[in-house]
>>> print(open('final.cif').read())   # mmCIF, C-alpha atoms
data_my_file
loop_
_atom_site.label_atom_id
_atom_site.label_comp_id
_atom_site.auth_asym_id
_atom_site.auth_seq_id
_atom_site.Cartn_x
_atom_site.Cartn_y
_atom_site.Cartn_z
CA MET A 6 -29.40 12.19 -19.20
CA ASN A 7 -28.35 10.80 -15.82
CA GLN A 8 -24.68 11.65 -15.21
CA ASN A 9 -24.34 8.54 -13.05
CA ILE A 10 -25.12 6.16 -15.92
CA LEU A 11 -22.34 5.57 -18.44
CA GLN A 12 -22.41 3.40 -21.55
CA GLY A 13 -19.60 2.27 -23.76
CA ARG A 14 -17.62 -0.57 -25.23
CA ALA A 15 -15.20 -2.69 -23.17
CA TRP A 16 -11.48 -2.59 -23.94
CA VAL A 17 -10.09 -5.50 -21.96
CA PHE A 18 -6.60 -5.67 -20.49
CA GLY A 19 -5.16 -8.21 -18.08
CA ASN A 20 -3.75 -8.05 -14.58
CA GLY A 21 -1.06 -5.69 -13.32
CA VAL A 22 -1.44 -2.76 -15.72
CA ASP A 23 1.52 -0.58 -14.70
CA VAL A 24 1.33 3.23 -14.73
CA ASP A 25 4.91 3.72 -15.94
CA ARG A 26 5.17 0.89 -18.43
CA ASP A 27 1.70 0.14 -19.74
CA ILE A 28 -0.62 3.13 -19.36
CA LEU A 29 1.89 5.81 -20.34
CA SER A 30 5.52 4.79 -20.64
CA LEU A 31 8.15 6.91 -18.97
CA ASP A 32 9.99 7.04 -22.31
CA THR A 33 6.91 8.60 -23.93
CA LEU A 34 6.48 11.08 -21.07
CA HIS A 35 10.16 12.11 -21.31
CA MET A 36 9.81 12.53 -25.09
CA LEU A 37 6.76 14.78 -24.63
CA ARG A 38 8.60 16.85 -22.02
CA ARG A 39 11.59 17.31 -24.35
CA GLN A 40 9.24 18.74 -26.99
CA GLY A 41 8.50 21.58 -24.57
CA GLY A 42 5.32 23.37 -23.72
CA PRO A 43 2.48 22.26 -21.50
CA ILE A 44 1.43 18.63 -21.64
CA GLY A 45 -2.33 18.25 -21.29
CA PRO A 46 -4.65 15.26 -21.04
CA ASP A 47 -5.39 15.25 -24.78
CA GLN A 48 -1.70 15.02 -25.66
CA LEU A 49 -1.12 12.30 -23.04
CA GLY A 50 -4.22 10.46 -24.19
CA ARG A 51 -2.84 10.02 -27.71
CA HIS A 52 -0.24 7.65 -26.19
CA CYS A 53 -2.50 5.88 -23.70
CA LEU A 54 -1.99 2.10 -23.40
CA GLU A 55 -0.10 1.99 -26.71
CA ARG A 56 2.38 -0.59 -25.42
CA LEU A 57 -0.39 -3.07 -24.57
CA MET A 58 -2.65 -2.27 -27.50
CA PRO A 59 -1.07 -0.29 -30.36
CA GLY A 60 -3.57 2.17 -31.80
CA PHE A 61 -5.82 2.05 -28.72
CA ALA A 62 -6.16 5.83 -28.46
CA GLN A 63 -7.11 6.11 -32.13
CA ARG A 64 -9.77 3.35 -31.95
CA ILE A 65 -11.51 4.14 -28.67
CA GLN A 66 -14.82 6.00 -28.77
CA PRO A 67 -15.57 8.67 -26.13
CA GLY A 68 -17.10 7.03 -23.08
CA ASP A 69 -15.70 3.54 -23.68
CA PHE A 70 -14.34 1.60 -20.70
CA VAL A 71 -10.91 0.28 -19.83
CA VAL A 72 -11.50 -3.12 -18.22
CA ALA A 73 -8.70 -4.79 -16.26
CA GLY A 74 -8.07 -7.50 -13.71
CA GLU A 75 -6.12 -7.32 -10.47
CA GLY A 76 -3.68 -4.50 -9.73
CA MET A 77 -4.89 -1.86 -12.20
CA GLY A 78 -2.62 1.16 -12.01
CA TYR A 79 0.06 -0.38 -9.88
CA CYS A 80 3.54 1.06 -9.98
CA ALA A 81 6.46 -1.38 -10.17
CA ALA A 82 8.87 1.46 -9.41
CA CYS A 83 6.91 2.21 -6.23
CA LEU A 84 7.22 -1.43 -5.20
CA ASP A 85 10.99 -1.25 -5.66
CA GLY A 86 11.06 1.56 -3.11
CA ASP A 87 13.26 3.82 -5.22
CA PRO A 88 12.42 7.37 -4.02
CA ASP A 89 14.20 8.88 -7.04
CA ASP A 90 12.08 7.00 -9.60
CA PRO A 91 9.89 9.52 -11.46
CA HIS A 92 6.69 7.43 -11.47
CA GLN A 93 3.63 9.36 -12.56
CA ILE A 94 0.43 7.83 -11.26
CA GLY A 95 -1.46 11.11 -11.76
CA THR A 96 -0.16 11.46 -15.31
CA ALA A 97 -1.37 7.95 -16.13
CA SER A 98 -4.87 8.89 -14.94
CA MET A 99 -4.75 12.02 -17.09
CA ALA A 100 -3.72 9.93 -20.11
CA ILE A 101 -6.66 7.56 -19.68
CA LYS A 102 -9.11 10.42 -19.31
CA GLY A 103 -7.46 12.29 -22.19
CA ALA A 104 -8.00 9.26 -24.45
CA GLY A 105 -11.75 9.64 -23.87
CA VAL A 106 -12.27 6.73 -21.48
CA GLY A 107 -15.52 7.06 -19.52
CA ALA A 108 -14.41 4.91 -16.58
CA VAL A 109 -11.90 2.28 -15.54
CA LEU A 110 -13.44 -1.02 -14.43
CA CYS A 111 -11.14 -3.45 -12.67
CA GLU A 112 -11.06 -6.29 -10.19
CA SER A 113 -8.71 -4.29 -7.95
CA SER A 114 -6.63 -1.14 -8.26
CA ASN A 115 -3.68 0.57 -6.67
CA MET A 116 -4.99 3.02 -4.06
CA ASN A 117 -2.80 5.88 -5.36
CA PHE A 118 -4.07 5.30 -8.89
CA LEU A 119 -7.67 5.24 -7.63
CA MET A 120 -7.31 8.51 -5.70
CA ASN A 121 -5.44 10.27 -8.52
CA SER A 122 -8.06 9.16 -11.03
CA LEU A 123 -10.92 10.49 -8.91
CA SER A 124 -9.01 13.76 -8.47
CA HIS A 125 -8.85 14.06 -12.26
CA GLY A 126 -12.54 13.21 -12.69
CA LEU A 127 -12.01 9.64 -13.92
CA PRO A 128 -14.22 7.04 -12.23
CA VAL A 129 -12.50 3.83 -11.16
CA VAL A 130 -14.81 0.98 -10.17
CA GLU A 131 -13.61 -2.20 -8.53
CA CYS A 132 -15.77 -5.21 -9.32
CA ARG A 133 -15.02 -8.85 -8.51
CA ASP A 134 -15.11 -11.48 -11.29
CA LEU A 135 -15.15 -8.77 -13.94
CA LEU A 136 -12.89 -10.53 -16.44
CA ALA A 137 -15.01 -13.68 -16.21
CA HIS A 138 -18.07 -11.79 -17.44
CA VAL A 139 -16.79 -9.06 -19.77
CA ALA A 140 -15.07 -9.65 -23.11
CA GLN A 141 -13.36 -7.34 -25.57
CA GLY A 142 -15.97 -5.27 -27.41
CA ASP A 143 -18.92 -5.99 -25.09
CA MET A 144 -21.31 -3.07 -24.65
CA LEU A 145 -21.60 -2.09 -20.99
CA GLU A 146 -23.83 0.13 -18.89
CA LEU A 147 -22.41 1.38 -15.59
CA ASN A 148 -24.54 3.00 -12.90
CA LEU A 149 -22.16 4.67 -10.46
CA ALA A 150 -24.93 5.59 -8.00
CA THR A 151 -26.59 2.17 -7.69
CA GLY A 152 -23.51 -0.04 -8.06
CA VAL A 153 -24.77 -1.98 -11.06
CA LEU A 154 -22.76 -2.95 -14.13
CA ARG A 155 -24.81 -4.47 -16.96
CA ASN A 156 -23.18 -6.30 -19.81
CA LEU A 157 -25.62 -5.28 -22.55
CA THR A 158 -24.07 -7.82 -24.93
CA THR A 159 -24.62 -10.87 -22.72
CA GLY A 160 -27.26 -9.63 -20.26
CA TYR A 161 -25.05 -10.46 -17.26
CA VAL A 162 -25.31 -8.11 -14.26
CA LEU A 163 -22.48 -7.47 -11.81
CA LYS A 164 -22.71 -5.53 -8.55
CA PHE A 165 -20.09 -3.27 -6.99
CA ALA A 166 -20.01 -0.76 -4.14
CA ALA A 167 -21.97 2.29 -5.29
CA LEU A 168 -19.97 5.50 -5.19
CA PRO A 169 -20.90 7.85 -2.33
CA GLU A 170 -22.58 11.15 -3.18
CA PRO A 171 -19.48 13.31 -2.39
CA ILE A 172 -17.42 11.23 -4.85
CA LEU A 173 -20.16 11.48 -7.49
CA GLN A 174 -20.23 15.26 -7.03
CA ARG A 175 -16.45 15.39 -7.44
CA LEU A 176 -16.65 13.35 -10.65
CA HIS A 177 -19.49 15.46 -12.08
CA ALA A 178 -17.42 18.59 -11.41
CA GLY A 179 -14.55 17.12 -13.43
CA GLY A 180 -12.49 16.11 -10.44
CA LEU A 181 -10.94 17.71 -7.40
CA TYR A 182 -8.59 19.85 -9.47
CA SER A 183 -11.50 21.31 -11.43
CA MET A 184 -13.36 22.05 -8.20
CA ALA A 185 -10.34 23.89 -6.79
CA ALA A 186 -9.83 26.05 -9.89
#
>>> encode(input="final.cif", output="structure tokens")
Amino acid sequence: MNQNILQGRAWVFGNGVDVDRDILSLDTLHMLRRQGGPIGPDQLGRHCLERLMPGFAQRIQPGDFVVAGEGMGYCAACLDGDPDDPHQIGTASMAIKGAGVGAVLCESSNMNFLMNSLSHGLPVVECRDLLAHVAQGDMLELNLATGVLRNLTTGYVLKFAALPEPILQRLHAGGLYSMAA
């Protein structure tokens, strides 16, 4: 099977999905840290997006897509400029991947979230007018190398900037951290 072609169901969220509030709340992260021991992607994934969609991590199938609008993975604490705020953009990416998400599709994303996701082996694709053409539960096919997103439910095709070969290689290796290990 072509590693650049992903298929799964759409789980649709709105605009401004925050890393510290929506993807993985800081309260949840602090609770996990108090329990002690290492916190891996699987453990983080069990709490992924639970504030926006309770039970999300239990209902998602491996390879499904998180679909969002503008500002996916932004960090309100980062916008406030508080250097002591323990925001965790990388941890949010790990939670999404740990939940079994195949890729994040959004109209725009926070650059830090995008880079952290790619470093953890989680594709993030920005695609204009996404929410106008993808609904909750639609079956999607994503070709990372050609820049084509097909809504298999409706037949609609969207185009996005294909990912360059070095980024595809990084994703296929499981991310930058996996390559460095």
>>> closest_residue(input="final.cif", among="A:Leu154, A:Leu49, A:Val22, A:Ile10", to="Thr96 of chain A", atoms="all atoms listed in the file")
A:Leu49
>>> resolve_selection(input="final.cif", expression="the PyMOL selection byres ((chain A and resi 134-136) around 9)", output="list in words")
Val17, Phe18, Gly19, Val72, Ala73, Gly74, Leu110, Cys111, Glu112, Glu131, Cys132, Arg133, Ala137, His138, Val139, Ala140 and Leu163 of chain A
>>> residues_around(input="final.cif", residues="Cys80 of chain A", least_positions_apart="5", cutoff="7 Å", atoms="all atoms listed in the file", output="count of residues only")
3
>>> atom_distance(input="final.cif", atom1="atom CA of Asn9 of chain A", atom2="atom CA of Leu147 of chain A")
7.8 Å
>>> resolve_selection(input="final.cif", expression="the PyMOL selection byres ((chain A and resi 103) around 8)", output="PDB file with C-alpha atoms, keeping the file's coordinate frame")
ATOM      1  CA  GLY A  45      -2.330  18.250 -21.290  1.00  0.00           C
ATOM      2  CA  PRO A  46      -4.650  15.260 -21.040  1.00  0.00           C
ATOM      3  CA  ASP A  47      -5.390  15.250 -24.780  1.00  0.00           C
ATOM      4  CA  GLN A  48      -1.700  15.020 -25.660  1.00  0.00           C
ATOM      5  CA  LEU A  49      -1.120  12.300 -23.040  1.00  0.00           C
ATOM      6  CA  GLY A  50      -4.220  10.460 -24.190  1.00  0.00           C
ATOM      7  CA  ARG A  51      -2.840  10.020 -27.710  1.00  0.00           C
ATOM      8  CA  MET A  99      -4.750  12.020 -17.090  1.00  0.00           C
ATOM      9  CA  ALA A 100      -3.720   9.930 -20.110  1.00  0.00           C
ATOM     10  CA  ILE A 101      -6.660   7.560 -19.680  1.00  0.00           C
ATOM     11  CA  LYS A 102      -9.110  10.420 -19.310  1.00  0.00           C
ATOM     12  CA  ALA A 104      -8.000   9.260 -24.450  1.00  0.00           C
ATOM     13  CA  GLY A 105     -11.750   9.640 -23.870  1.00  0.00           C
ATOM     14  CA  VAL A 106     -12.270   6.730 -21.480  1.00  0.00           C
TER      15      VAL A 106
END
>>> residues_around(input="final.cif", residues="Met120 of chain A", least_positions_apart="5", cutoff="9 Å", atoms="only C-alpha atoms", output="list in words")
Gly95, Asn115, His125 and Val129 of chain A
